[in-house]
$ cat protein29.tsv   # TSV, C-alpha atoms and all ligand atoms
chain	number	residue	atom	x	y	z
A	1235	MET	CA	-13.15	-24.82	1.52
A	1236	LYS	CA	-12.61	-21.73	3.64
A	1237	GLN	CA	-9.04	-20.45	3.34
A	1238	THR	CA	-6.96	-18.83	6.08
A	1239	ILE	CA	-4.79	-15.91	4.99
A	1240	LEU	CA	-1.85	-14.58	6.97
A	1241	VAL	CA	-1.71	-10.81	6.50
A	1242	THR	CA	1.64	-9.35	7.58
A	1243	GLY	CA	1.37	-5.62	8.27
A	1244	GLY	CA	-2.40	-6.14	8.51
A	1245	THR	CA	-3.01	-3.25	10.90
A	1246	GLY	CA	-1.40	-0.77	8.49
A	1247	TYR	CA	-3.22	1.47	6.04
A	1248	ILE	CA	-3.53	-0.87	3.05
A	1249	GLY	CA	-3.42	-4.06	5.14
A	1250	SER	CA	-6.42	-3.07	7.27
A	1251	HIS	CA	-8.60	-2.34	4.24
A	1252	THR	CA	-7.49	-5.62	2.68
A	1253	CYS	CA	-8.42	-7.54	5.85
A	1254	VAL	CA	-11.97	-6.19	5.56
A	1255	GLU	CA	-12.20	-7.24	1.90
A	1256	LEU	CA	-10.87	-10.71	2.78
A	1257	LEU	CA	-13.40	-11.17	5.59
A	1258	GLU	CA	-16.22	-9.98	3.34
A	1259	ASN	CA	-15.11	-12.51	0.72
A	1260	GLY	CA	-15.27	-15.44	3.14
A	1261	TYR	CA	-11.60	-15.79	4.12
A	1262	ASP	CA	-10.36	-16.29	7.68
A	1263	VAL	CA	-7.71	-13.71	8.56
A	1264	VAL	CA	-4.64	-13.93	10.80
A	1265	ILE	CA	-2.69	-10.68	11.22
A	1266	ALA	CA	1.00	-10.44	12.14
A	1267	ASP	CA	2.14	-6.86	12.81
A	1268	ASN	CA	4.68	-5.41	15.23
A	1269	LEU	CA	2.68	-2.15	15.49
A	1270	SER	CA	5.77	-0.14	14.54
A	1271	ASN	CA	3.60	2.06	12.31
A	1272	SER	CA	0.07	1.20	13.35
A	1273	LYS	CA	-2.16	0.92	16.39
A	1274	ARG	CA	-3.84	-2.02	18.05
A	1275	GLN	CA	-7.23	-0.25	17.82
A	1276	VAL	CA	-7.19	-0.97	14.09
A	1277	VAL	CA	-7.97	-4.62	14.89
A	1278	ASP	CA	-11.25	-3.56	16.55
A	1279	ARG	CA	-12.14	-1.33	13.62
A	1280	ILE	CA	-11.52	-4.11	11.09
A	1281	GLN	CA	-13.80	-6.41	13.08
A	1282	GLU	CA	-16.43	-3.71	13.52
A	1283	VAL	CA	-16.53	-2.85	9.82
A	1284	ALA	CA	-16.52	-6.46	8.59
A	1285	GLY	CA	-18.70	-7.84	11.39
A	1286	LYS	CA	-16.29	-10.76	11.76
A	1287	ALA	CA	-13.34	-11.64	14.00
A	1288	VAL	CA	-9.66	-11.77	13.06
A	1289	THR	CA	-6.75	-13.28	15.00
A	1290	PHE	CA	-4.05	-10.74	15.80
A	1291	TYR	CA	-0.42	-11.40	16.74
A	1292	GLU	CA	1.92	-8.61	17.78
A	1293	VAL	CA	4.94	-10.08	16.08
A	1294	ASP	CA	8.01	-8.88	14.21
A	1295	VAL	CA	7.88	-10.72	10.90
A	1296	ALA	CA	11.68	-10.69	10.80
A	1297	ASP	CA	11.67	-12.83	13.97
A	1298	GLU	CA	11.63	-16.33	12.49
A	1299	GLN	CA	10.85	-18.12	15.74
A	1300	ALA	CA	7.93	-15.89	16.66
A	1301	LEU	CA	6.59	-16.16	13.14
A	1302	ALA	CA	6.90	-19.95	13.20
A	1303	ARG	CA	4.64	-20.01	16.26
A	1304	VAL	CA	1.96	-18.21	14.24
A	1305	PHE	CA	2.25	-20.75	11.41
A	1306	ALA	CA	2.16	-23.61	13.93
A	1307	ALA	CA	-1.08	-22.29	15.41
A	1308	HIS	CA	-2.98	-21.91	12.11
A	1309	ALA	CA	-3.33	-23.83	8.87
A	1310	ILE	CA	-2.26	-20.91	6.65
A	1311	ASP	CA	-3.21	-21.25	2.97
A	1312	ALA	CA	-1.57	-18.11	1.61
A	1313	VAL	CA	0.19	-14.94	2.74
A	1314	ILE	CA	-0.26	-11.29	1.84
A	1315	HIS	CA	2.95	-9.53	2.81
A	1316	PHE	CA	2.49	-5.84	3.60
A	1317	ALA	CA	4.86	-5.57	6.58
A	1318	GLY	CA	7.60	-3.06	5.90
A	1319	LEU	CA	8.83	0.45	6.51
A	1320	LYS	CA	7.72	2.78	3.73
A	1321	ALA	CA	8.97	6.36	4.10
A	1322	VAL	CA	11.29	7.24	1.20
A	1323	GLY	CA	12.99	10.17	2.95
A	1324	GLU	CA	13.56	8.23	6.17
A	1325	SER	CA	15.07	5.39	4.16
A	1326	VAL	CA	17.74	7.77	2.82
A	1327	GLU	CA	18.60	8.81	6.39
A	1328	LYS	CA	18.45	5.28	7.84
A	1329	PRO	CA	19.23	2.91	4.98
A	1330	LEU	CA	20.36	0.05	7.21
A	1331	ALA	CA	17.14	0.15	9.23
A	1332	TYR	CA	15.20	-0.15	5.97
A	1333	TYR	CA	17.32	-2.95	4.49
A	1334	GLN	CA	17.33	-4.78	7.80
A	1335	ASN	CA	13.60	-4.54	8.48
A	1336	ASN	CA	12.20	-4.96	4.99
A	1337	LEU	CA	14.59	-7.59	3.67
A	1338	ASN	CA	14.76	-9.62	6.88
A	1339	ALA	CA	10.97	-9.61	7.08
A	1340	THR	CA	10.68	-10.93	3.52
A	1341	MET	CA	13.37	-13.58	4.01
A	1342	SER	CA	12.12	-14.83	7.40
A	1343	LEU	CA	8.64	-15.06	6.00
A	1344	LEU	CA	9.75	-17.17	3.02
A	1345	VAL	CA	11.86	-19.42	5.26
A	1346	VAL	CA	8.93	-20.06	7.59
A	1347	MET	CA	6.46	-20.44	4.72
A	1348	SER	CA	8.73	-23.10	3.18
A	1349	ARG	CA	9.08	-24.89	6.50
A	1350	PHE	CA	5.29	-25.09	6.87
A	1351	GLY	CA	4.62	-25.91	3.21
A	1352	VAL	CA	2.83	-22.62	2.49
A	1353	ASN	CA	3.58	-21.71	-1.11
A	1354	LYS	CA	1.43	-18.76	-2.15
A	1355	ILE	CA	2.33	-15.14	-1.54
A	1356	ALA	CA	1.07	-11.76	-2.70
A	1357	PHE	CA	3.69	-9.07	-2.07
A	1358	SER	CA	3.31	-5.29	-1.67
A	1359	SER	CA	5.70	-3.85	-4.18
A	1360	SER	CA	5.61	-0.37	-5.60
A	1361	ALA	CA	5.73	1.62	-8.80
A	1362	THR	CA	8.93	3.05	-7.32
A	1363	VAL	CA	10.77	0.05	-8.84
A	1364	TYR	CA	10.41	1.64	-12.29
A	1365	ILE	CA	13.54	3.66	-12.99
A	1366	ASP	CA	12.28	5.68	-15.93
A	1367	PRO	CA	8.59	6.10	-15.31
A	1368	ALA	CA	7.55	7.22	-18.81
A	1369	PRO	CA	3.79	6.68	-18.67
A	1370	PRO	CA	1.75	4.63	-19.19
A	1371	ILE	CA	4.08	2.16	-17.43
A	1372	ARG	CA	3.90	-1.51	-18.33
A	1373	GLU	CA	5.35	-4.25	-16.13
A	1374	ASP	CA	8.19	-4.85	-18.60
A	1375	ALA	CA	9.46	-1.24	-18.28
A	1376	PRO	CA	13.08	-0.85	-17.07
A	1377	LEU	CA	13.59	-1.39	-13.34
A	1378	GLY	CA	15.86	0.40	-10.88
A	1379	CYS	CA	15.56	2.65	-7.85
A	1380	THR	CA	16.74	5.97	-6.48
A	1381	ASN	CA	16.48	5.35	-2.71
A	1382	PRO	CA	16.92	2.54	-0.15
A	1383	TYR	CA	13.16	2.07	0.33
A	1384	GLY	CA	12.74	1.43	-3.40
A	1385	TRP	CA	15.67	-0.99	-3.42
A	1386	THR	CA	14.07	-3.01	-0.61
A	1387	LYS	CA	11.04	-3.48	-2.86
A	1388	PHE	CA	13.22	-4.28	-5.87
A	1389	MET	CA	15.33	-6.77	-3.87
A	1390	SER	CA	12.28	-8.36	-2.22
A	1391	GLU	CA	10.85	-8.94	-5.69
A	1392	ILE	CA	14.09	-10.72	-6.67
A	1393	ILE	CA	14.21	-12.74	-3.45
A	1394	ILE	CA	10.58	-13.85	-3.84
A	1395	THR	CA	11.12	-14.69	-7.52
A	1396	ASP	CA	14.20	-16.81	-6.72
A	1397	TRP	CA	12.29	-18.55	-3.89
A	1398	GLN	CA	9.40	-19.23	-6.26
A	1399	LYS	CA	11.70	-21.08	-8.68
A	1400	THR	CA	12.80	-23.56	-6.01
A	1401	ASN	CA	9.49	-25.41	-5.93
A	1402	GLY	CA	7.05	-25.95	-8.78
A	1403	ASP	CA	4.15	-25.39	-6.37
A	1404	ASN	CA	5.37	-21.97	-5.26
A	1405	ALA	CA	3.44	-19.00	-6.59
A	1406	ALA	CA	3.86	-15.27	-6.15
A	1407	VAL	CA	2.18	-12.11	-7.32
A	1408	LEU	CA	4.28	-8.95	-7.00
A	1409	LEU	CA	1.78	-6.13	-6.79
A	1410	ARG	CA	3.24	-2.80	-7.88
A	1411	TYR	CA	1.02	-0.15	-6.33
A	1412	PHE	CA	0.71	3.34	-7.72
A	1413	ASN	CA	-0.57	6.03	-5.28
A	1414	PRO	CA	-3.13	4.63	-2.82
A	1415	ILE	CA	-5.33	7.27	-1.18
A	1416	GLY	CA	-8.80	7.53	0.35
A	1417	ALA	CA	-10.43	5.53	3.10
A	1418	HIS	CA	-13.15	3.02	3.85
A	1419	GLU	CA	-16.60	4.40	3.08
A	1420	SER	CA	-17.72	3.67	6.66
A	1421	GLY	CA	-15.38	6.44	7.84
A	1422	LYS	CA	-14.01	4.00	10.43
A	1423	MET	CA	-10.73	3.16	8.71
A	1424	GLY	CA	-8.22	5.28	6.85
A	1425	GLU	CA	-4.65	6.47	6.68
A	1426	ASP	CA	-3.13	7.57	9.99
A	1427	PRO	CA	0.42	8.75	9.28
A	1428	GLN	CA	2.62	9.50	12.28
A	1429	GLY	CA	4.25	12.94	12.24
A	1430	ILE	CA	4.19	15.33	9.30
A	1431	PRO	CA	2.91	13.49	6.21
A	1432	ASN	CA	5.26	13.34	3.23
A	1433	ASN	CA	2.56	12.41	0.76
A	1434	LEU	CA	0.13	14.74	-0.92
A	1435	PHE	CA	-3.22	13.32	0.14
A	1436	PRO	CA	-2.72	13.01	3.91
A	1437	TYR	CA	-1.18	16.48	3.88
A	1438	ILE	CA	-4.28	17.89	2.17
A	1439	THR	CA	-6.58	16.16	4.67
A	1440	ARG	CA	-4.59	17.74	7.51
A	1441	VAL	CA	-4.80	21.21	5.98
A	1442	ALA	CA	-8.56	20.72	5.67
A	1443	GLY	CA	-8.65	19.60	9.30
A	1444	GLY	CA	-6.82	22.73	10.42
A	1445	ALA	CA	-3.53	21.10	11.45
A	1446	TYR	CA	-1.51	23.05	8.85
A	1447	PRO	CA	-2.23	26.46	7.33
A	1448	HIS	CA	-1.62	25.54	3.69
A	1449	LEU	CA	-0.47	22.88	1.26
A	1450	ASN	CA	3.02	23.28	-0.16
A	1451	ILE	CA	2.88	22.48	-3.86
A	1452	PHE	CA	6.26	21.16	-4.90
A	1453	GLY	CA	6.70	22.64	-8.36
A	1454	ALA	CA	4.20	24.26	-10.72
A	1455	ASP	CA	6.58	24.46	-13.69
A	1456	TYR	CA	6.51	20.84	-14.84
A	1457	ASP	CA	5.68	19.94	-18.41
A	1458	THR	CA	2.15	18.86	-17.45
A	1459	PRO	CA	-1.25	20.44	-18.28
A	1460	ASP	CA	-1.27	22.71	-15.20
A	1461	GLY	CA	2.45	22.58	-14.34
A	1462	THR	CA	2.08	20.39	-11.21
A	1463	GLY	CA	3.11	16.74	-10.84
A	1464	VAL	CA	0.80	14.06	-12.23
A	1465	ARG	CA	0.27	10.71	-10.46
A	1466	ASP	CA	-2.00	7.66	-10.65
A	1467	TYR	CA	-4.10	7.89	-7.47
A	1468	ILE	CA	-5.93	4.69	-6.62
A	1469	HIS	CA	-8.67	4.21	-4.02
A	1470	VAL	CA	-7.36	2.03	-1.17
A	1471	VAL	CA	-10.50	-0.14	-1.32
A	1472	ASP	CA	-9.94	-0.83	-5.04
A	1473	LEU	CA	-6.37	-1.73	-4.15
A	1474	ALA	CA	-7.59	-4.03	-1.36
A	1475	ARG	CA	-9.93	-5.80	-3.82
A	1476	GLY	CA	-6.93	-6.37	-6.07
A	1477	HIS	CA	-5.38	-8.52	-3.32
A	1478	VAL	CA	-8.45	-10.75	-3.09
A	1479	LEU	CA	-8.29	-11.28	-6.86
A	1480	ALA	CA	-4.54	-11.92	-6.64
A	1481	LEU	CA	-5.24	-14.73	-4.15
A	1482	LYS	CA	-7.75	-16.26	-6.56
A	1483	TYR	CA	-5.13	-16.07	-9.31
A	1484	LEU	CA	-2.59	-17.78	-7.03
A	1485	ASP	CA	-5.05	-20.65	-6.51
A	1486	ALA	CA	-4.83	-21.51	-10.20
A	1487	HIS	CA	-1.33	-20.41	-11.32
A	1488	ASN	CA	2.27	-20.62	-10.25
A	1489	GLY	CA	5.26	-18.54	-11.28
A	1490	ALA	CA	6.17	-15.08	-10.02
A	1491	LEU	CA	4.08	-12.40	-11.68
A	1492	PRO	CA	4.64	-8.65	-11.38
A	1493	VAL	CA	1.37	-6.73	-11.81
A	1494	ASN	CA	0.60	-3.03	-11.68
A	1495	LEU	CA	-2.30	-1.90	-9.53
A	1496	GLY	CA	-3.20	1.56	-10.77
A	1497	THR	CA	-6.10	3.22	-12.53
A	1498	GLY	CA	-4.25	4.22	-15.69
A	1499	LEU	CA	-5.35	7.81	-15.12
A	1500	GLY	CA	-3.08	10.70	-14.20
A	1501	TYR	CA	-4.22	13.53	-11.94
A	1502	SER	CA	-2.27	16.67	-11.08
A	1503	VAL	CA	-1.77	18.16	-7.63
A	1504	PHE	CA	-4.36	20.81	-8.52
A	1505	ASP	CA	-6.83	18.12	-9.65
A	1506	VAL	CA	-6.56	16.44	-6.24
A	1507	LEU	CA	-6.73	19.74	-4.37
A	1508	ARG	CA	-9.86	20.86	-6.24
A	1509	ALA	CA	-11.52	17.45	-5.79
A	1510	TYR	CA	-10.83	17.59	-2.06
A	1511	GLU	CA	-12.28	21.10	-1.91
A	1512	ARG	CA	-15.46	19.81	-3.59
A	1513	ALA	CA	-15.65	16.86	-1.19
A	1514	SER	CA	-15.04	18.87	1.97
A	1515	GLY	CA	-16.69	22.14	1.03
A	1516	LYS	CA	-13.52	23.81	2.37
A	1517	GLU	CA	-10.98	25.95	0.63
A	1518	ILE	CA	-7.47	24.46	0.75
A	1519	PRO	CA	-4.91	27.27	0.77
A	1520	PHE	CA	-1.66	26.51	-1.04
A	1521	VAL	CA	1.79	27.96	-1.60
A	1522	ILE	CA	3.87	27.11	-4.67
A	1523	GLN	CA	7.31	25.88	-3.59
A	1524	PRO	CA	10.36	24.72	-5.57
A	1525	ARG	CA	10.31	21.20	-7.01
A	1526	ARG	CA	10.95	18.37	-4.54
A	1527	ALA	CA	14.21	16.50	-5.16
A	1528	GLY	CA	13.72	13.21	-6.95
A	1529	ASP	CA	10.18	13.91	-8.23
A	1530	VAL	CA	9.20	13.15	-11.80
A	1531	ALA	CA	6.69	15.23	-13.77
A	1532	SER	CA	4.18	12.53	-14.58
A	1533	THR	CA	3.68	8.85	-13.94
A	1534	TYR	CA	0.72	6.49	-14.25
A	1535	ALA	CA	0.14	2.80	-14.83
A	1536	ASP	CA	-0.81	0.71	-17.77
A	1537	PRO	CA	-3.24	-1.52	-15.83
A	1538	THR	CA	-3.96	-3.92	-18.72
A	1539	LEU	CA	-2.24	-6.93	-17.16
A	1540	ALA	CA	-4.23	-6.69	-13.92
A	1541	ARG	CA	-7.42	-6.62	-15.96
A	1542	GLU	CA	-6.45	-9.53	-18.20
A	1543	LEU	CA	-4.86	-11.83	-15.61
A	1544	LEU	CA	-6.52	-10.92	-12.31
A	1545	GLY	CA	-9.85	-9.67	-13.69
A	1546	TRP	CA	-9.25	-6.45	-11.73
A	1547	THR	CA	-9.98	-2.86	-12.67
A	1548	ALA	CA	-10.19	0.18	-10.45
A	1549	GLU	CA	-13.81	1.26	-10.07
A	1550	LYS	CA	-13.71	4.29	-7.82
A	1551	THR	CA	-13.21	7.86	-8.95
A	1552	LEU	CA	-11.03	10.67	-7.62
A	1553	ASP	CA	-14.19	12.16	-6.07
A	1554	ASP	CA	-14.84	8.85	-4.24
A	1555	MET	CA	-11.26	8.94	-2.93
A	1556	CYS	CA	-11.69	12.50	-1.65
A	1557	LEU	CA	-15.18	11.96	-0.17
A	1558	SER	CA	-14.07	8.87	1.76
A	1559	GLY	CA	-10.82	10.53	2.87
A	1560	CYS	CA	-12.75	13.56	4.02
A	1561	ARG	CA	-15.25	11.44	5.97
A	1562	TRP	CA	-12.41	9.56	7.70
A	1563	GLN	CA	-10.64	12.82	8.55
A	1564	SER	CA	-13.72	14.57	9.93
A	1565	LEU	CA	-14.88	11.55	11.99
A	1566	ASN	CA	-11.34	10.81	13.26
A	1567	PRO	CA	-9.45	14.13	13.41
A	1568	ASN	CA	-6.72	12.46	15.49
A	1569	GLY	CA	-6.66	9.20	13.55
A	1570	TYR	CA	-6.79	6.00	15.61
A	1571	GLU	CA	-6.38	7.48	19.06
A	1572	ASP	CA	-4.70	5.59	21.87
A	1601	LIG	P1	1.75	1.04	6.80
A	1601	LIG	O1	2.99	1.55	7.44
A	1601	LIG	O2	0.47	1.69	7.16
A	1601	LIG	O3	1.61	-0.54	7.05
A	1601	LIG	C1	2.73	-1.39	7.18
A	1601	LIG	C2	2.53	-2.19	8.45
A	1601	LIG	O4	3.65	-3.07	8.60
A	1601	LIG	C3	2.46	-1.34	9.70
A	1601	LIG	O5	1.29	-1.68	10.43
A	1601	LIG	C4	3.73	-1.71	10.49
A	1601	LIG	O6	3.51	-1.68	11.89
A	1601	LIG	C5	4.01	-3.09	9.97
A	1601	LIG	N1	5.41	-3.54	10.02
A	1601	LIG	C6	6.52	-2.91	9.55
A	1601	LIG	N2	7.60	-3.68	9.75
A	1601	LIG	C7	7.17	-4.82	10.36
A	1601	LIG	C8	7.82	-5.99	10.82
A	1601	LIG	N3	9.15	-6.16	10.72
A	1601	LIG	N4	7.07	-6.96	11.39
A	1601	LIG	C9	5.73	-6.81	11.54
A	1601	LIG	N5	5.06	-5.72	11.11
A	1601	LIG	C10	5.78	-4.73	10.54
A	1601	LIG	O7	1.97	1.11	5.22
A	1601	LIG	P2	0.92	0.91	4.03
A	1601	LIG	O8	0.76	2.22	3.35
A	1601	LIG	O9	-0.26	0.16	4.48
A	1601	LIG	O10	1.81	0.01	3.08
A	1601	LIG	C11	1.75	-1.41	3.12
A	1601	LIG	C12	2.82	-1.97	2.20
A	1601	LIG	O11	2.60	-1.46	0.88
A	1601	LIG	C13	4.24	-1.56	2.59
A	1601	LIG	O12	5.10	-2.65	2.34
A	1601	LIG	C14	4.54	-0.43	1.64
A	1601	LIG	O13	5.91	-0.31	1.38
A	1601	LIG	C15	3.77	-0.85	0.39
A	1601	LIG	N6	3.41	0.28	-0.47
A	1601	LIG	C16	2.72	1.34	0.06
A	1601	LIG	C17	2.41	2.43	-0.76
A	1601	LIG	C18	1.69	3.62	-0.20
A	1601	LIG	O14	1.70	4.67	-0.84
A	1601	LIG	N7	1.02	3.54	0.96
A	1601	LIG	C19	2.79	2.43	-2.11
A	1601	LIG	C20	3.48	1.31	-2.62
A	1601	LIG	C21	3.79	0.25	-1.79
A	1602	LIG	N1	3.24	16.94	-3.46
A	1602	LIG	C1	3.05	18.27	-3.15
A	1602	LIG	N2	2.98	18.64	-1.84
A	1602	LIG	C2	3.11	17.74	-0.82
A	1602	LIG	C3	3.32	16.38	-1.13
A	1602	LIG	C4	3.39	16.02	-2.48
A	1602	LIG	O1	2.93	19.10	-4.05
A	1602	LIG	O2	3.06	18.13	0.36
A	1602	LIG	C5	3.27	16.52	-4.87
A	1602	LIG	C6	4.52	15.80	-5.29
A	1602	LIG	O3	5.50	16.72	-5.72
A	1602	LIG	C7	4.00	14.88	-6.42
A	1602	LIG	C8	2.58	14.57	-5.98
A	1602	LIG	O4	2.21	15.61	-5.05
A	1602	LIG	O5	3.93	15.61	-7.65
A	1602	LIG	C9	2.44	13.21	-5.30
A	1602	LIG	O6	3.38	13.13	-4.23
A	1602	LIG	P1	3.35	11.93	-3.20
A	1602	LIG	O7	4.52	12.13	-2.27
A	1602	LIG	O8	2.00	11.81	-2.61
A	1602	LIG	O9	3.57	10.62	-4.10
A	1602	LIG	P2	4.86	10.17	-4.97
A	1602	LIG	O10	5.60	11.40	-5.41
A	1602	LIG	O11	5.64	9.29	-4.08
A	1602	LIG	O12	4.28	9.45	-6.15

$ encode --input "protein29.tsv" --output "structure tokens"
Amino acid sequence: MKQTILVTGGTGYIGSHTCVELLENGYDVVIADNLSNSKRQVVDRIQEVAGKAVTFYEVDVADEQALARVFAAHAIDAVIHFAGLKAVGESVEKPLAYYQNNLNATMSLLVVMSRFGVNKIAFSSSATVYIDPAPPIREDAPLGCTNPYGWTKFMSEIIITDWQKTNGDNAAVLLRYFNPIGAHESGKMGEDPQGIPNNLFPYITRVAGGAYPHLNIFGADYDTPDGTGVRDYIHVVDLARGHVLALKYLDAHNGALPVNLGTGLGYSVFDVLRAYERASGKEIPFVIQPRRAGDVASTYADPTLARELLGWTAEKTLDDMCLSGCRWQSLNPNGYED
């Protein structure tokens, strides 16, 4: 039977790509997003790309009553919970805003799910919950965080795990993402960060688009092959597919399972820069700067568990990530415009 999935944060970067994968895999999709970091136009793009309709609610997931109205209007089978604030630096400046938004959203959601007898959830966690990211990182590596954003992910994992234990039918998958980049191959959907991007990939796309004169490379003296930081970049569409497979897993299992979604490969800042130059045909000027506070030299996933339990592996290459990101940037130089 056709299932209906509630996607919180569904107009965001990862959520929007996941909505398309869900629609293409025969699910009905209901989105709840307060548009605090996304635009309403994304709903049209999702529908255009998938050729199917979604139901959109402009709702704060932390608002229990408003959320209950969404559950009352639809027979929800499972939830994918993306809604949350995600900027590490901002979370250090505004910790209470992060704890309030991210934790209240998770708790309200679980309260309302319980009230309506919905017992399956896939949660957007992050590799930031690993305190000592000595790669390749397995799910049983030590946990702990260095900033409020990370703690909201860590605490949400605990809250969801405790909720899961209260009912034998409850089931949760805690998806620990590595570094999602790239865009939909249609060029109609991609990342649209507000303000100056903190992350490497959107910054590179903006340099290529002429918004900034050069990339600042934060440290070229790390103990890595070329001295720059190494990360596990994962194509956002591969990541989105991982959510569809997580839902299938939830159909057949309960418990609360943490799973890495990463490629298992590490690429340096220069690797990404050169790949983007190949994809765009443009030179990306750069300036070597001091190391960024809090950065580690190298981190990447051990993705074995996702392969064994979810049947998921990343399929797309770094060149695919750069080509799709470049297409999105050149077709939408101002992102999703108002
Ligand atoms: P995003 O900001 O593009 O999407 C999040 C969406 O949630 C936005 O559309 C925002 O408007 C919405 N939202 C925030 N608070 C809300 C609330 N209280 N009620 C309703 N909607 C709310 O971010 P993204 O990159 O798509 O990330 C999705 C999730 O994955 C986030 O939870 C993020 O922390 C997590 N994550 C992201 C990354 C990454 O690098 N992008 C890495 C690891 C984990
Ligand atoms: N980085 C950089 N310049 C930037 C942004 C990031 O050199 O403008 C580097 C950063 O130091 C790290 C890598 O790129 O080695 C990935 O950073 P990002 O913020 O994208 O991801 P995270 O560090 O959160 O994994």

$ residues_around --input "protein29.tsv" --residues "region 1533-1537 of chain A" --least-positions-apart "2" --cutoff "12 Å" --atoms "only C-alpha atoms" --output "ChimeraX atom specification"
/A:1360-1362,1364-1375,1409-1413,1458,1462-1468,1476,1492-1502,1529-1531,1539-1548

$ axis_aligned_box --input "protein29.tsv" --around "ligand LIG 1602 (chain A)" --padding-each-side "8 Å" --output "AutoDock Vina command-line options"
--center_x 3.8 --center_y 14.2 --center_z -3.6 --size_x 19.6 --size_y 25.8 --size_z 24.0

$ closest_residue --input "protein29.tsv" --among "A:Phe1350, A:Phe1452, A:Phe1504, A:Tyr1261" --to "ligand LIG 1602 (chain A)" --atoms "all atoms listed in the file"
A:Phe1452

$ atom_distance --input "protein29.tsv" --atom1 "CA of Ile1392 (chain A)" --atom2 "CA of Glu1298 (chain A)"
20.1 Å

$ residues_near_ligand --input "protein29.tsv" --ligand "ligand LIG 1601 (chain A)" --cutoff "8 Å" --atoms "only C-alpha atoms and all ligand atoms" --output "PDB file with C-alpha atoms, in the frame of the given file"
ATOM      1  CA  THR A1242       1.640  -9.350   7.580  1.00  0.00           C
ATOM      2  CA  GLY A1243       1.370  -5.620   8.270  1.00  0.00           C
ATOM      3  CA  GLY A1244      -2.400  -6.140   8.510  1.00  0.00           C
ATOM      4  CA  THR A1245      -3.010  -3.250  10.900  1.00  0.00           C
ATOM      5  CA  GLY A1246      -1.400  -0.770   8.490  1.00  0.00           C
ATOM      6  CA  TYR A1247      -3.220   1.470   6.040  1.00  0.00           C
ATOM      7  CA  ILE A1248      -3.530  -0.870   3.050  1.00  0.00           C
ATOM      8  CA  GLY A1249      -3.420  -4.060   5.140  1.00  0.00           C
ATOM      9  CA  SER A1250      -6.420  -3.070   7.270  1.00  0.00           C
ATOM     10  CA  ALA A1266       1.000 -10.440  12.140  1.00  0.00           C
ATOM     11  CA  ASP A1267       2.140  -6.860  12.810  1.00  0.00           C
ATOM     12  CA  ASN A1268       4.680  -5.410  15.230  1.00  0.00           C
ATOM     13  CA  LEU A1269       2.680  -2.150  15.490  1.00  0.00           C
ATOM     14  CA  SER A1270       5.770  -0.140  14.540  1.00  0.00           C
ATOM     15  CA  ASN A1271       3.600   2.060  12.310  1.00  0.00           C
ATOM     16  CA  SER A1272       0.070   1.200  13.350  1.00  0.00           C
ATOM     17  CA  LYS A1273      -2.160   0.920  16.390  1.00  0.00           C
ATOM     18  CA  GLU A1292       1.920  -8.610  17.780  1.00  0.00           C
ATOM     19  CA  VAL A1293       4.940 -10.080  16.080  1.00  0.00           C
ATOM     20  CA  ASP A1294       8.010  -8.880  14.210  1.00  0.00           C
ATOM     21  CA  VAL A1295       7.880 -10.720  10.900  1.00  0.00           C
ATOM     22  CA  ALA A1296      11.680 -10.690  10.800  1.00  0.00           C
ATOM     23  CA  ASP A1297      11.670 -12.830  13.970  1.00  0.00           C
ATOM     24  CA  HIS A1315       2.950  -9.530   2.810  1.00  0.00           C
ATOM     25  CA  PHE A1316       2.490  -5.840   3.600  1.00  0.00           C
ATOM     26  CA  ALA A1317       4.860  -5.570   6.580  1.00  0.00           C
ATOM     27  CA  GLY A1318       7.600  -3.060   5.900  1.00  0.00           C
ATOM     28  CA  LEU A1319       8.830   0.450   6.510  1.00  0.00           C
ATOM     29  CA  LYS A1320       7.720   2.780   3.730  1.00  0.00           C
ATOM     30  CA  ALA A1321       8.970   6.360   4.100  1.00  0.00           C
ATOM     31  CA  ASN A1335      13.600  -4.540   8.480  1.00  0.00           C
ATOM     32  CA  ASN A1336      12.200  -4.960   4.990  1.00  0.00           C
ATOM     33  CA  ASN A1338      14.760  -9.620   6.880  1.00  0.00           C
ATOM     34  CA  ALA A1339      10.970  -9.610   7.080  1.00  0.00           C
ATOM     35  CA  PHE A1357       3.690  -9.070  -2.070  1.00  0.00           C
ATOM     36  CA  SER A1358       3.310  -5.290  -1.670  1.00  0.00           C
ATOM     37  CA  SER A1359       5.700  -3.850  -4.180  1.00  0.00           C
ATOM     38  CA  SER A1360       5.610  -0.370  -5.600  1.00  0.00           C
ATOM     39  CA  ALA A1361       5.730   1.620  -8.800  1.00  0.00           C
ATOM     40  CA  THR A1362       8.930   3.050  -7.320  1.00  0.00           C
ATOM     41  CA  TYR A1383      13.160   2.070   0.330  1.00  0.00           C
ATOM     42  CA  LYS A1387      11.040  -3.480  -2.860  1.00  0.00           C
ATOM     43  CA  ARG A1410       3.240  -2.800  -7.880  1.00  0.00           C
ATOM     44  CA  TYR A1411       1.020  -0.150  -6.330  1.00  0.00           C
ATOM     45  CA  PHE A1412       0.710   3.340  -7.720  1.00  0.00           C
ATOM     46  CA  ASN A1413      -0.570   6.030  -5.280  1.00  0.00           C
ATOM     47  CA  PRO A1414      -3.130   4.630  -2.820  1.00  0.00           C
ATOM     48  CA  ILE A1415      -5.330   7.270  -1.180  1.00  0.00           C
ATOM     49  CA  GLU A1425      -4.650   6.470   6.680  1.00  0.00           C
ATOM     50  CA  ASP A1426      -3.130   7.570   9.990  1.00  0.00           C
ATOM     51  CA  PRO A1427       0.420   8.750   9.280  1.00  0.00           C
ATOM     52  CA  ASN A1433       2.560  12.410   0.760  1.00  0.00           C
TER      53      ASN A1433
END
